[in-house]
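entry02.tsv follows (TSV, C-alpha atoms and all ligand atoms):
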```tsv
chain	number	residue	atom	x	y	z
A	1	MET	CA	8.81	8.68	19.01
A	2	GLN	CA	6.90	5.85	17.38
A	3	LEU	CA	9.06	3.62	15.13
A	4	ALA	CA	7.07	1.40	12.75
A	5	TYR	CA	10.11	-0.67	11.70
A	6	ASP	CA	12.38	-2.23	14.34
A	7	ILE	CA	15.93	-1.72	13.07
A	8	ALA	CA	17.34	-4.07	15.74
A	9	VAL	CA	15.68	-7.18	14.29
A	10	THR	CA	15.75	-8.85	10.89
A	11	TYR	CA	13.94	-7.77	7.76
A	12	SER	CA	11.96	-11.05	7.89
A	13	GLU	CA	10.72	-10.31	11.40
A	14	ASN	CA	9.56	-6.86	10.35
A	15	PHE	CA	8.03	-8.33	7.19
A	16	GLU	CA	6.00	-10.91	9.12
A	17	ARG	CA	5.02	-8.70	12.05
A	18	GLY	CA	3.89	-5.68	10.03
A	19	PRO	CA	4.29	-2.06	11.13
A	20	GLN	CA	4.16	-1.08	14.81
A	21	LEU	CA	1.69	1.77	14.70
A	22	ASP	CA	-0.95	3.42	16.89
A	23	ALA	CA	-4.58	3.51	15.75
A	24	ALA	CA	-5.14	5.28	12.42
A	25	PRO	CA	-6.20	8.94	12.76
A	26	ALA	CA	-9.00	10.69	10.84
A	27	ILE	CA	-7.82	11.64	7.33
A	28	PRO	CA	-8.39	15.24	6.17
A	29	GLN	CA	-10.59	15.64	3.12
A	30	THR	CA	-8.67	16.77	0.00
A	31	SER	CA	-9.83	17.70	-3.47
A	32	PRO	CA	-8.98	15.00	-6.03
A	33	ARG	CA	-6.25	15.73	-8.54
A	34	PRO	CA	-4.89	13.97	-11.62
A	35	PHE	CA	-1.75	11.85	-11.56
A	36	LEU	CA	-0.71	9.52	-14.39
A	37	GLY	CA	-4.17	9.64	-15.91
A	38	ARG	CA	-5.95	8.73	-12.66
A	39	SER	CA	-7.72	10.81	-10.06
A	40	VAL	CA	-5.93	10.61	-6.69
A	41	ASN	CA	-6.81	11.98	-3.25
A	42	SER	CA	-3.38	13.61	-3.05
A	43	PRO	CA	-0.07	13.43	-4.93
A	44	LEU	CA	1.63	12.14	-1.77
A	45	GLY	CA	2.87	8.66	-1.06
A	46	VAL	CA	5.43	6.22	0.25
A	47	ALA	CA	8.45	5.40	-1.95
A	48	ALA	CA	9.70	1.86	-2.63
A	49	GLY	CA	11.18	0.45	0.58
A	50	LEU	CA	9.13	0.62	3.73
A	51	LEU	CA	6.15	-1.35	2.42
A	52	PRO	CA	7.25	-4.93	1.60
A	53	ASN	CA	3.84	-6.61	1.67
A	54	ALA	CA	0.07	-6.08	1.80
A	55	LYS	CA	0.03	-5.78	5.60
A	56	TRP	CA	2.33	-2.73	5.44
A	57	ILE	CA	0.52	-1.23	2.41
A	58	GLU	CA	-2.84	-1.50	4.17
A	59	ALA	CA	-1.56	0.20	7.34
A	60	TYR	CA	-0.09	3.20	5.49
A	61	ALA	CA	-3.07	3.53	3.13
A	62	ALA	CA	-5.23	3.80	6.25
A	63	ARG	CA	-3.01	6.67	7.44
A	64	GLY	CA	-3.75	8.78	4.37
A	65	TRP	CA	-0.75	7.99	2.14
A	66	ASP	CA	-2.31	7.85	-1.33
A	67	LEU	CA	0.50	6.60	-3.63
A	68	LEU	CA	1.63	3.32	-2.09
A	69	THR	CA	4.76	1.71	-3.51
A	70	TYR	CA	5.17	-2.04	-3.01
A	71	LYS	CA	8.88	-2.60	-2.20
A	72	THR	CA	10.99	-3.79	-5.15
A	73	VAL	CA	10.34	-7.40	-6.20
A	74	ARG	CA	12.37	-9.80	-8.34
A	75	SER	CA	11.75	-12.79	-10.63
A	76	VAL	CA	13.62	-14.99	-8.11
A	77	ALA	CA	13.64	-15.12	-4.32
A	78	ARG	CA	16.54	-13.14	-2.79
A	79	GLU	CA	17.59	-13.07	0.89
A	80	CYS	CA	18.11	-9.80	2.73
A	81	TYR	CA	21.64	-8.89	3.83
A	82	PRO	CA	22.26	-9.53	7.54
A	83	VAL	CA	21.34	-6.96	10.23
A	84	PRO	CA	22.12	-4.07	10.49
A	85	ASN	CA	20.14	-3.01	7.42
A	86	TRP	CA	19.09	0.42	8.62
A	87	VAL	CA	20.88	2.86	10.93
A	88	PHE	CA	20.31	6.44	11.97
A	89	VAL	CA	23.26	8.65	11.06
A	90	GLU	CA	24.87	11.98	11.80
A	91	ALA	CA	26.01	13.58	8.57
A	92	ASP	CA	27.37	16.82	7.21
A	93	ALA	CA	26.38	18.21	3.83
A	94	GLY	CA	29.61	17.07	2.13
A	95	ASP	CA	30.31	13.78	0.43
A	96	GLY	CA	32.55	12.19	3.09
A	97	PRO	CA	31.53	9.47	5.55
A	98	VAL	CA	28.35	9.59	7.63
A	99	TYR	CA	28.41	8.11	11.14
A	100	ALA	CA	25.91	5.73	12.74
A	101	THR	CA	24.32	7.00	15.92
A	102	GLU	CA	21.97	5.50	18.48
A	103	LEU	CA	20.81	8.91	19.62
A	104	LEU	CA	17.63	9.89	17.86
A	105	ARG	CA	17.18	13.59	17.11
A	106	ALA	CA	14.49	15.16	19.31
A	107	ASP	CA	12.99	16.64	16.14
A	108	PRO	CA	12.11	13.70	13.85
A	109	ALA	CA	12.21	16.02	10.82
A	110	ALA	CA	15.98	16.37	11.40
A	111	ILE	CA	16.68	12.63	11.13
A	112	SER	CA	18.98	11.16	8.48
A	113	SER	CA	19.58	7.43	8.07
A	114	ALA	CA	21.30	4.87	5.85
A	115	VAL	CA	20.05	1.55	4.50
A	116	CYS	CA	21.58	-1.56	3.01
A	117	PHE	CA	19.08	-4.37	2.38
A	118	GLY	CA	20.25	-5.64	-1.03
A	119	MET	CA	16.73	-5.54	-2.48
A	120	PRO	CA	15.47	-8.81	-0.95
A	121	SER	CA	12.44	-10.40	-2.59
A	122	ARG	CA	10.03	-13.21	-1.84
A	123	GLU	CA	9.48	-15.69	-4.67
A	124	PRO	CA	7.11	-14.48	-7.43
A	125	ALA	CA	4.38	-16.96	-6.43
A	126	PHE	CA	4.13	-15.11	-3.10
A	127	TRP	CA	4.23	-11.51	-4.32
A	128	ARG	CA	1.93	-12.10	-7.29
A	129	GLU	CA	-0.81	-13.07	-4.81
A	130	ASP	CA	0.16	-10.52	-2.21
A	131	ILE	CA	-0.05	-7.60	-4.66
A	132	ALA	CA	-3.68	-8.49	-5.25
A	133	ARG	CA	-4.26	-8.35	-1.46
A	134	ALA	CA	-2.49	-4.97	-1.29
A	135	LYS	CA	-4.63	-3.60	-4.09
A	136	ALA	CA	-7.81	-4.78	-2.37
A	137	ALA	CA	-6.79	-2.84	0.77
A	138	LEU	CA	-6.73	0.57	-0.98
A	139	ALA	CA	-9.50	3.15	-0.79
A	140	PRO	CA	-10.84	5.06	-3.82
A	141	GLY	CA	-8.33	7.73	-4.90
A	142	GLN	CA	-5.30	5.65	-3.88
A	143	LEU	CA	-2.82	4.04	-6.29
A	144	LEU	CA	-0.66	0.94	-5.99
A	145	ILE	CA	2.78	1.35	-7.55
A	146	VAL	CA	4.80	-1.88	-7.78
A	147	SER	CA	8.59	-1.56	-7.93
A	148	VAL	CA	10.45	-4.21	-9.95
A	149	VAL	CA	14.08	-4.98	-10.72
A	150	ALA	CA	16.03	-7.55	-12.73
A	151	SER	CA	18.28	-10.18	-11.13
A	152	PRO	CA	21.05	-10.55	-13.70
A	153	GLU	CA	23.49	-13.44	-13.60
A	154	ALA	CA	27.11	-13.18	-14.75
A	155	GLY	CA	27.33	-12.88	-18.53
A	156	TRP	CA	23.73	-11.84	-19.19
A	157	SER	CA	23.16	-9.69	-22.30
A	158	ALA	CA	21.22	-6.42	-22.23
A	159	ALA	CA	18.30	-8.29	-23.81
A	160	GLN	CA	18.26	-10.84	-20.99
A	161	VAL	CA	18.33	-8.12	-18.35
A	162	ALA	CA	15.47	-6.36	-20.17
A	163	ASP	CA	13.42	-9.56	-20.40
A	164	ASP	CA	13.81	-10.16	-16.67
A	165	TYR	CA	12.60	-6.64	-15.86
A	166	ALA	CA	9.73	-7.09	-18.31
A	167	GLN	CA	8.69	-10.42	-16.78
A	168	CYS	CA	8.40	-8.84	-13.32
A	169	ALA	CA	6.51	-5.85	-14.74
A	170	ALA	CA	4.04	-8.09	-16.60
A	171	TRP	CA	3.42	-10.14	-13.45
A	172	ALA	CA	2.91	-6.95	-11.42
A	173	VAL	CA	0.33	-5.71	-13.94
A	174	GLU	CA	-1.45	-9.07	-13.95
A	175	ALA	CA	-1.55	-9.01	-10.12
A	176	GLY	CA	-3.27	-5.61	-10.03
A	177	ALA	CA	-0.60	-2.87	-10.03
A	178	ASP	CA	-1.93	0.55	-11.08
A	179	VAL	CA	1.57	1.73	-11.97
A	180	VAL	CA	4.87	-0.13	-12.41
A	181	GLU	CA	8.13	1.43	-11.25
A	182	ALA	CA	11.29	-0.08	-12.73
A	183	ASN	CA	14.17	0.43	-10.32
A	184	TYR	CA	17.20	1.56	-12.36
A	185	SER	CA	19.22	2.66	-9.33
A	186	CYS	CA	20.18	0.94	-6.11
A	187	PRO	CA	23.22	2.18	-4.19
A	188	ASN	CA	23.49	-1.14	-2.30
A	189	VAL	CA	23.91	-3.80	-4.98
A	190	CYS	CA	27.14	-4.27	-6.93
A	191	SER	CA	25.59	-5.90	-10.02
A	192	ALA	CA	24.22	-4.28	-13.19
A	193	GLU	CA	20.68	-3.66	-11.93
A	194	GLY	CA	22.03	-1.09	-9.44
A	195	GLN	CA	23.18	1.36	-12.13
A	196	VAL	CA	20.99	0.93	-15.24
A	197	TYR	CA	20.14	4.64	-15.42
A	198	THR	CA	23.78	5.62	-16.02
A	199	ASP	CA	23.83	3.57	-19.25
A	200	VAL	CA	21.53	5.25	-21.77
A	201	ALA	CA	21.63	2.41	-24.32
A	202	LEU	CA	20.75	-0.19	-21.67
A	203	SER	CA	18.01	2.07	-20.28
A	204	GLU	CA	16.52	2.33	-23.77
A	205	THR	CA	16.51	-1.45	-24.33
A	206	VAL	CA	15.08	-2.20	-20.89
A	207	THR	CA	12.42	0.52	-21.00
A	208	GLU	CA	11.17	-0.44	-24.48
A	209	THR	CA	11.07	-4.13	-23.53
A	210	ILE	CA	9.12	-3.46	-20.33
A	211	ARG	CA	6.72	-1.21	-22.23
A	212	SER	CA	6.05	-3.81	-24.94
A	213	GLY	CA	5.03	-6.37	-22.30
A	214	MET	CA	2.76	-4.27	-20.08
A	215	GLY	CA	0.18	-2.62	-22.32
A	216	GLU	CA	-0.85	0.97	-21.62
A	217	LEU	CA	-0.38	1.02	-17.84
A	218	PRO	CA	1.88	3.84	-16.58
A	219	LEU	CA	5.59	3.09	-16.17
A	220	LEU	CA	7.86	5.08	-13.82
A	221	LEU	CA	11.66	4.75	-13.78
A	222	LYS	CA	13.46	5.15	-10.45
A	223	ILE	CA	16.84	6.81	-10.85
A	224	GLY	CA	19.70	8.26	-8.82
A	225	VAL	CA	21.43	11.62	-9.10
A	226	PHE	CA	23.10	12.35	-12.44
A	227	LEU	CA	26.60	13.73	-12.10
A	228	ASP	CA	26.58	14.78	-15.74
A	229	THR	CA	23.84	17.03	-17.15
A	230	THR	CA	24.36	15.83	-20.73
A	231	LEU	CA	23.83	12.25	-19.62
A	232	GLN	CA	20.70	13.32	-17.77
A	233	ARG	CA	19.27	15.01	-20.87
A	234	ASP	CA	20.10	12.00	-23.07
A	235	PHE	CA	18.49	9.63	-20.58
A	236	LEU	CA	15.27	11.67	-20.32
A	237	ARG	CA	15.01	12.08	-24.11
A	238	THR	CA	15.63	8.39	-24.67
A	239	VAL	CA	13.11	6.94	-22.22
A	240	SER	CA	10.40	9.51	-22.87
A	241	GLY	CA	7.63	7.90	-24.87
A	242	SER	CA	8.20	4.42	-23.45
A	243	ALA	CA	8.08	5.56	-19.81
A	244	HIS	CA	5.46	7.94	-18.39
A	245	GLY	CA	7.55	9.36	-15.61
A	246	ILE	CA	10.66	9.44	-13.47
A	247	THR	CA	10.97	8.83	-9.74
A	248	LEU	CA	13.99	10.62	-8.39
A	249	VAL	CA	16.07	10.14	-6.44
A	250	ASN	CA	17.17	6.96	-4.76
A	251	GLY	CA	19.34	7.26	-1.64
A	252	ILE	CA	22.63	9.09	-2.18
A	253	PRO	CA	25.65	6.77	-1.75
A	254	ARG	CA	28.16	7.72	0.96
A	255	GLU	CA	30.50	5.82	3.25
A	256	VAL	CA	28.62	4.66	6.33
A	257	ARG	CA	30.83	4.09	9.39
A	258	TYR	CA	30.61	3.69	13.14
A	259	PRO	CA	32.21	6.54	15.08
A	260	ASP	CA	35.31	4.32	15.58
A	261	GLY	CA	35.68	4.02	11.80
A	262	ARG	CA	34.39	0.46	11.23
A	263	PRO	CA	32.08	0.10	8.21
A	264	VAL	CA	28.49	-0.42	9.37
A	265	PHE	CA	27.37	-2.68	6.52
A	266	GLY	CA	30.71	-4.49	6.01
A	267	GLU	CA	33.69	-3.69	3.74
A	268	GLN	CA	31.81	-4.73	0.58
A	269	TYR	CA	29.05	-2.20	1.22
A	270	LEU	CA	31.11	0.59	2.73
A	271	ARG	CA	29.14	3.01	0.54
A	272	ALA	CA	25.40	2.73	1.00
A	273	GLY	CA	22.29	4.80	0.39
A	274	VAL	CA	21.89	7.79	2.72
A	275	LEU	CA	18.35	9.06	3.26
A	276	GLY	CA	16.38	11.73	5.03
A	277	ARG	CA	17.18	15.29	6.06
A	278	ILE	CA	20.74	15.41	4.76
A	279	ILE	CA	19.75	14.53	1.17
A	280	HIS	CA	16.75	16.83	0.84
A	281	GLU	CA	18.54	19.81	-0.68
A	282	PRO	CA	20.46	17.86	-3.36
A	283	CYS	CA	17.25	16.00	-4.24
A	284	VAL	CA	15.32	19.26	-4.67
A	285	ARG	CA	18.13	20.45	-6.98
A	286	ALA	CA	17.92	17.18	-8.97
A	287	VAL	CA	14.16	17.57	-9.42
A	288	ARG	CA	14.52	21.21	-10.48
A	289	GLU	CA	17.15	20.24	-13.07
A	290	ALA	CA	15.06	17.35	-14.43
A	291	ARG	CA	12.00	19.63	-14.65
A	292	ALA	CA	14.04	22.19	-16.62
A	293	VAL	CA	15.09	19.55	-19.18
A	294	ILE	CA	11.57	18.10	-19.46
A	295	ASP	CA	10.06	21.55	-20.04
A	296	ALA	CA	12.79	22.73	-22.42
A	297	GLU	CA	12.46	19.58	-24.54
A	298	GLY	CA	8.68	19.24	-24.20
A	299	LEU	CA	8.97	15.66	-22.94
A	300	PRO	CA	5.76	13.93	-21.79
A	301	LEU	CA	7.20	12.79	-18.45
A	302	VAL	CA	5.84	13.29	-14.94
A	303	LEU	CA	8.16	13.67	-11.97
A	304	ALA	CA	7.68	11.85	-8.67
A	305	ALA	CA	10.10	13.48	-6.24
A	306	VAL	CA	11.81	11.57	-3.44
A	307	GLY	CA	14.41	12.61	-0.89
A	308	GLY	CA	14.31	13.85	2.64
A	309	VAL	CA	10.66	14.85	2.95
A	310	SER	CA	9.73	14.96	6.61
A	311	SER	CA	7.75	18.20	6.93
A	312	VAL	CA	5.10	20.27	5.17
A	313	GLN	CA	7.87	22.63	3.98
A	314	ASP	CA	9.87	19.75	2.41
A	315	TYR	CA	6.77	18.74	0.43
A	316	ALA	CA	6.28	22.35	-0.69
A	317	ASP	CA	9.97	22.55	-1.76
A	318	PHE	CA	9.50	19.66	-4.18
A	319	MET	CA	6.23	21.00	-5.58
A	320	ALA	CA	7.91	24.38	-6.16
A	321	ALA	CA	10.79	22.61	-7.91
A	322	GLY	CA	8.35	21.11	-10.43
A	323	ALA	CA	7.33	17.75	-8.96
A	324	ASP	CA	3.98	16.22	-9.94
A	325	ALA	CA	3.99	13.95	-6.87
A	326	VAL	CA	6.03	13.52	-3.70
A	327	LEU	CA	7.06	10.18	-2.19
A	328	CYS	CA	8.62	9.68	1.24
A	329	GLY	CA	11.09	6.84	1.75
A	330	SER	CA	12.31	6.73	5.34
A	331	SER	CA	10.24	9.35	7.22
A	332	PRO	CA	6.97	7.35	7.27
A	333	MET	CA	8.83	4.91	9.56
A	334	TYR	CA	9.20	7.54	12.30
A	335	LEU	CA	6.54	10.03	11.12
A	336	PRO	CA	3.58	7.84	10.07
A	337	GLY	CA	1.25	10.81	10.64
A	338	LEU	CA	3.05	13.08	8.15
A	339	ALA	CA	0.48	12.41	5.40
A	340	VAL	CA	-2.30	13.72	7.64
A	341	GLU	CA	-0.22	16.80	8.47
A	342	ILE	CA	0.57	17.57	4.82
A	343	LYS	CA	-2.96	16.84	3.62
A	344	ALA	CA	-4.43	19.13	6.26
A	345	GLY	CA	-2.76	21.96	4.35
A	346	LEU	CA	-3.86	20.81	0.89
A	347	GLY	CA	-7.60	21.32	1.33
A	401	LIG	C1	13.73	0.62	4.42
A	401	LIG	C2	14.02	1.13	3.04
A	401	LIG	C3	14.17	0.24	2.00
A	401	LIG	C4	14.37	0.70	0.70
A	401	LIG	N1	14.33	-0.19	-0.34
A	401	LIG	C5	14.21	0.28	-1.61
A	401	LIG	C6	13.90	-0.60	-2.67
A	401	LIG	O1	13.70	-1.81	-2.49
A	401	LIG	N2	13.80	-0.07	-3.92
A	401	LIG	C7	13.97	1.27	-4.17
A	401	LIG	O2	13.83	1.70	-5.31
A	401	LIG	N3	14.28	2.11	-3.17
A	401	LIG	C8	14.38	1.67	-1.90
A	401	LIG	N4	14.61	2.54	-0.88
A	401	LIG	C9	14.91	3.98	-1.18
A	401	LIG	C10	13.66	4.87	-1.10
A	401	LIG	O3	12.71	4.54	-2.07
A	401	LIG	C11	14.06	6.35	-1.28
A	401	LIG	O4	14.55	6.54	-2.58
A	401	LIG	C12	15.08	6.79	-0.26
A	401	LIG	O5	14.71	6.34	1.02
A	401	LIG	C13	15.24	8.32	-0.23
A	401	LIG	O6	14.07	8.91	0.24
A	401	LIG	P1	13.96	9.50	1.73
A	401	LIG	O7	15.04	10.50	1.90
A	401	LIG	O8	12.57	10.06	1.81
A	401	LIG	O9	14.13	8.34	2.66
A	401	LIG	C14	14.48	2.10	0.45
A	401	LIG	C15	14.39	2.98	1.52
A	401	LIG	C16	14.14	2.52	2.81
A	401	LIG	C17	13.97	3.50	3.92
```

Reformat the file's structure so that it appears as structure tokens.
Ligand SMILES: Cc1cc2nc3c(=O)[nH]c(=O)nc-3n(C[C@H](O)[C@H](O)[C@H](O)COP(=O)(O)O)c2cc1C
Amino acid sequence: MQLAYDIAVTYSENFERGPQLDAAPAIPQTSPRPFLGRSVNSPLGVAAGLLPNAKWIEAYAARGWDLLTYKTVRSVARECYPVPNWVFVEADAGDGPVYATELLRADPAAISSAVCFGMPSREPAFWREDIARAKAALAPGQLLIVSVVASPEAGWSAAQVADDYAQCAAWAVEAGADVVEANYSCPNVCSAEGQVYTDVALSETVTETIRSGMGELPLLLKIGVFLDTTLQRDFLRTVSGSAHGITLVNGIPREVRYPDGRPVFGEQYLRAGVLGRIIHEPCVRAVREARAVIDAEGLPLVLAAVGGVSSVQDYADFMAAGADAVLCGSSPMYLPGLAVEIKAGLG
């Protein structure tokens, strides 16, 4: 199996080296379709995470992924947590611990994994230039989504958090983003930016502030699973109008341990985001529920579905659940050719 990201070495080494991939295959022709007011080759892409710079964006664009998300950036430089940041796991469908494994499933579509990076970011001077390089690498019919997050300090008010999000969004727009994605959910940071979506009032302030600083460009909000359906409805009602769509869901937090019980990412990050096969079903449910609210309330929001897509069937599950687009987080690392496979069936 070809692994584009080397989980044994640091994030910086992967960042600098770029993806380890074979030559790009021929890309099947697809009929253009609308997404967020633009015409795209397909509603299929890579979610925020695997593509931290223009080198990675270019490589995956060349492999037929049409919605390319530039990994979350901040208004200040932030180091990555130490290795390990990404492990393959064995998991059951419950909510107990998942266990790191070095044995890769023979069928890549059956893989689950867990990540804990802490949303590292290069300084804005770097990414503001690099986004322009990433944009220049795209073909017609491909979109660059730039994911942004705030970096709150102790004691910051909601307005300060909102301003920091808005600053990153404005810089992303200036640098050439086609779409901005504000990350309101990260299972692996303990500070406020990891849970914005669970606070409707904060989500409202942040979303309106971002919107006022970025003109008419589309804004997506990346969220996690809602445990409470009333909260979900209030959130969607509140952000609709300022945001154009929702990206759901981020990794699902579970305890990540070695088989002997030790926490993989350290005691502080015992719970981390679980990805891949094991989260697909709950993510399809989350998309179906969000679609039901959006339709019942007539909200002008698109849905970009994320979670455990590693086969043509997984893509179809999300489309049937009411997604407008499908983004893959972890599978493009071990299935870089999945876009070609899915697009072959789109025609
Ligand atoms: C290497 C890696 C890094 C990630 N970093 C981010 C991030 O910076 N921001 C974000 O919103 N999500 C991040 N994610 C989460 C993905 O966007 C996605 O929500 C998650 O992987 C679930 O999708 P999947 O089951 O297809 O992997 C990351 C995922 C991976 C694999």

**Request:** Please identify the residues whose atoms come within 7 Å of ligand LIG 401 (chain A), using all atoms listed in the file, and report them as a ChimeraX atom specification.
**Result:** /A:47-50,71-72,86,115,117,119,147,183,185-186,222,249-251,275-277,279-280,306-309,327-331

**Request:** Identify which of the residues A:Tyr258, A:Ile252, A:Pro336, A:Tyr269 lies closest to Ala93 in chain A, counting only C-alpha atoms when measuring atom-to-atom distances.
**Result:**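 Checking each candidate against Ala93 in chain A, we get A:Ile252 as the closest.
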
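With CA of Gly266 in chain A on one side and CA of Met333 in chain A on the other, the separation reads 24.1 Å.
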
**Request:** Mind giving me the straight-line distance from CA of Ile210 in chain A to CA of Phe15 in chain A in Å, one decimal?
**Result:**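 That distance, rounded to one decimal, is 28.0 Å.
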
**Request:** Could you jot down the CA of Gly273 in chain A to CA of Ala177 in chain A separation for me, Å, one decimal place?
**Result:**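 According to the coordinates, CA of Gly273 in chain A and CA of Ala177 in chain A are separated by 26.3 Å.
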
**Request:** Excluding Val9 in chain A and residues on its chain fewer than 6 positions from it, collect all residues at most 12 Å away from it, counting only C-alpha atoms, and give them as number ranges by chain.
**Result:** A: 15-17, 82-87

**Message:** Using all atoms listed in the file, can you tell me which of A:Leu21, A:Val284, A:Val200, A:Ala125 comes closest to Leu335 in chain A?
**Reply:**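 Result for the nearest residue to Leu335 in chain A: A:Leu21.
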
Using 10 Å as the limit and counting all atoms listed in the file, can you tabulate each residue of range 150-216 of chain A that touches range 232-243 of chain A, with its shortest atom-to-atom distance in Å and the two atoms involved, as CSV?
```
residue,atom,partner,partner_atom,distance
A:Val180,CA,A:Ala243,CA,9.9
A:Glu181,CA,A:Ala243,CA,9.5
A:Ala182,CA,A:Ala243,CA,9.6
A:Tyr197,CA,A:Phe235,CA,7.4
A:Thr198,CA,A:Phe235,CA,8.1
A:Asp199,CA,A:Phe235,CA,8.2
A:Val200,CA,A:Phe235,CA,5.5
A:Ala201,CA,A:Thr238,CA,8.5
A:Ser203,CA,A:Val239,CA,7.2
A:Glu204,CA,A:Val239,CA,5.9
A:Thr205,CA,A:Val239,CA,9.3
A:Val206,CA,A:Val239,CA,9.4
A:Thr207,CA,A:Ser242,CA,6.2
A:Glu208,CA,A:Ser242,CA,5.8
A:Thr209,CA,A:Ser242,CA,9.0
A:Ile210,CA,A:Ser242,CA,8.5
A:Arg211,CA,A:Ser242,CA,5.9
A:Ser212,CA,A:Ser242,CA,8.6
A:Glu216,CA,A:Ser242,CA,9.9
```

Residue subset to file, keeping C-alpha atoms, as a PDB file, in the frame of the given file:
```
ATOM      1  CA  VAL A 180       4.870  -0.130 -12.410  1.00  0.00           C
ATOM      2  CA  GLU A 181       8.130   1.430 -11.250  1.00  0.00           C
ATOM      3  CA  ALA A 182      11.290  -0.080 -12.730  1.00  0.00           C
ATOM      4  CA  TYR A 197      20.140   4.640 -15.420  1.00  0.00           C
ATOM      5  CA  THR A 198      23.780   5.620 -16.020  1.00  0.00           C
ATOM      6  CA  ASP A 199      23.830   3.570 -19.250  1.00  0.00           C
ATOM      7  CA  VAL A 200      21.530   5.250 -21.770  1.00  0.00           C
ATOM      8  CA  ALA A 201      21.630   2.410 -24.320  1.00  0.00           C
ATOM      9  CA  SER A 203      18.010   2.070 -20.280  1.00  0.00           C
ATOM     10  CA  GLU A 204      16.520   2.330 -23.770  1.00  0.00           C
ATOM     11  CA  THR A 205      16.510  -1.450 -24.330  1.00  0.00           C
ATOM     12  CA  VAL A 206      15.080  -2.200 -20.890  1.00  0.00           C
ATOM     13  CA  THR A 207      12.420   0.520 -21.000  1.00  0.00           C
ATOM     14  CA  GLU A 208      11.170  -0.440 -24.480  1.00  0.00           C
ATOM     15  CA  THR A 209      11.070  -4.130 -23.530  1.00  0.00           C
ATOM     16  CA  ILE A 210       9.120  -3.460 -20.330  1.00  0.00           C
ATOM     17  CA  ARG A 211       6.720  -1.210 -22.230  1.00  0.00           C
ATOM     18  CA  SER A 212       6.050  -3.810 -24.940  1.00  0.00           C
ATOM     19  CA  GLU A 216      -0.850   0.970 -21.620  1.00  0.00           C
TER      20      GLU A 216
END
```

**Request:** Within 10 Å of Val340 in chain A, counting all atoms listed in the file, which residues show up once you throw out same-chain ones fewer than 4 positions away? Write them as a list in words, please.
**Result:**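 Those residues are Pro25, Ala26, Ile27, Pro28, Gln29, Arg63, Gly64, Trp65, Pro336, Ala344, Gly345 and Leu346 of chain A.
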
**Asked** For Arg105 in chain A, which residue out of A:Leu44, A:Val146, A:Met319, A:Met1 is the nearest one, using all atoms listed in the file?
**Response** A:Met1

**Request:** Would you list the residues near (26.7, 1.6, -2.6) (no more than 10 Å away, in the coordinates of the file, using all atoms listed in the file) as a list in words?
**Result:** Val115, Cys116, Gly118, Cys186, Pro187, Asn188, Val189, Cys190, Gly194, Gly251, Ile252, Pro253, Arg254, Glu255, Val256, Gln268, Tyr269, Leu270, Arg271, Ala272, Gly273 and Val274 of chain A

**Request:** Pick out the closest residue to Tyr60 in chain A from this set: A:Pro282, A:Leu220, A:Val73, A:Leu138. Count all atoms listed in the file.
**Result:** A:Leu138

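You can rank A:Val149, A:Val196, A:Ile223, A:Ala100 by their closest distance to Ser112 in chain A using all atoms listed in the file, and at the top of that list sits A:Ala100.
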
**Prompt:** Closest to Ile342 in chain A among A:Ile7, A:Gly45, A:Leu36, A:Leu103, using all atoms listed in the file?
**Reply:**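 Nearest candidate to Ile342 in chain A out of A:Ile7, A:Gly45, A:Leu36, A:Leu103: A:Gly45.
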
Do a neighbour search on Val302 in chain A at 12 Å with all atoms listed in the file, toss out local chain neighbours closer than 2 positions, and write the hits as a compact mmCIF listing (two decimals) with C-alpha atoms, in the frame of the given file.
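Writing the result to around21.txt gives the following:
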```txt
# COMPACT_ATOMS: atom_id res chain seq x y z
CA PRO A 34 -4.89 13.97 -11.62
CA PHE A 35 -1.75 11.85 -11.56
CA LEU A 36 -0.71 9.52 -14.39
CA GLY A 37 -4.17 9.64 -15.91
CA PRO A 43 -0.07 13.43 -4.93
CA PRO A 218 1.88 3.84 -16.58
CA LEU A 219 5.59 3.09 -16.17
CA LEU A 220 7.86 5.08 -13.82
CA LEU A 221 11.66 4.75 -13.78
CA LEU A 236 15.27 11.67 -20.32
CA SER A 240 10.40 9.51 -22.87
CA GLY A 241 7.63 7.90 -24.87
CA ALA A 243 8.08 5.56 -19.81
CA HIS A 244 5.46 7.94 -18.39
CA GLY A 245 7.55 9.36 -15.61
CA ILE A 246 10.66 9.44 -13.47
CA THR A 247 10.97 8.83 -9.74
CA LEU A 248 13.99 10.62 -8.39
CA VAL A 287 14.16 17.57 -9.42
CA ALA A 290 15.06 17.35 -14.43
CA ARG A 291 12.00 19.63 -14.65
CA VAL A 293 15.09 19.55 -19.18
CA ILE A 294 11.57 18.10 -19.46
CA ASP A 295 10.06 21.55 -20.04
CA GLY A 298 8.68 19.24 -24.20
CA LEU A 299 8.97 15.66 -22.94
CA PRO A 300 5.76 13.93 -21.79
CA ALA A 304 7.68 11.85 -8.67
CA ALA A 305 10.10 13.48 -6.24
CA GLY A 322 8.35 21.11 -10.43
CA ALA A 323 7.33 17.75 -8.96
CA ASP A 324 3.98 16.22 -9.94
CA ALA A 325 3.99 13.95 -6.87
CA VAL A 326 6.03 13.52 -3.70
```

**Request:** Just the residues within 9 Å of Ile57 in chain A, please, counting only C-alpha atoms, with nothing from its chain fewer than 6 positions along; format it as a ChimeraX atom specification.
**Result:** /A:50-51,68-70,134-135,137-138,144
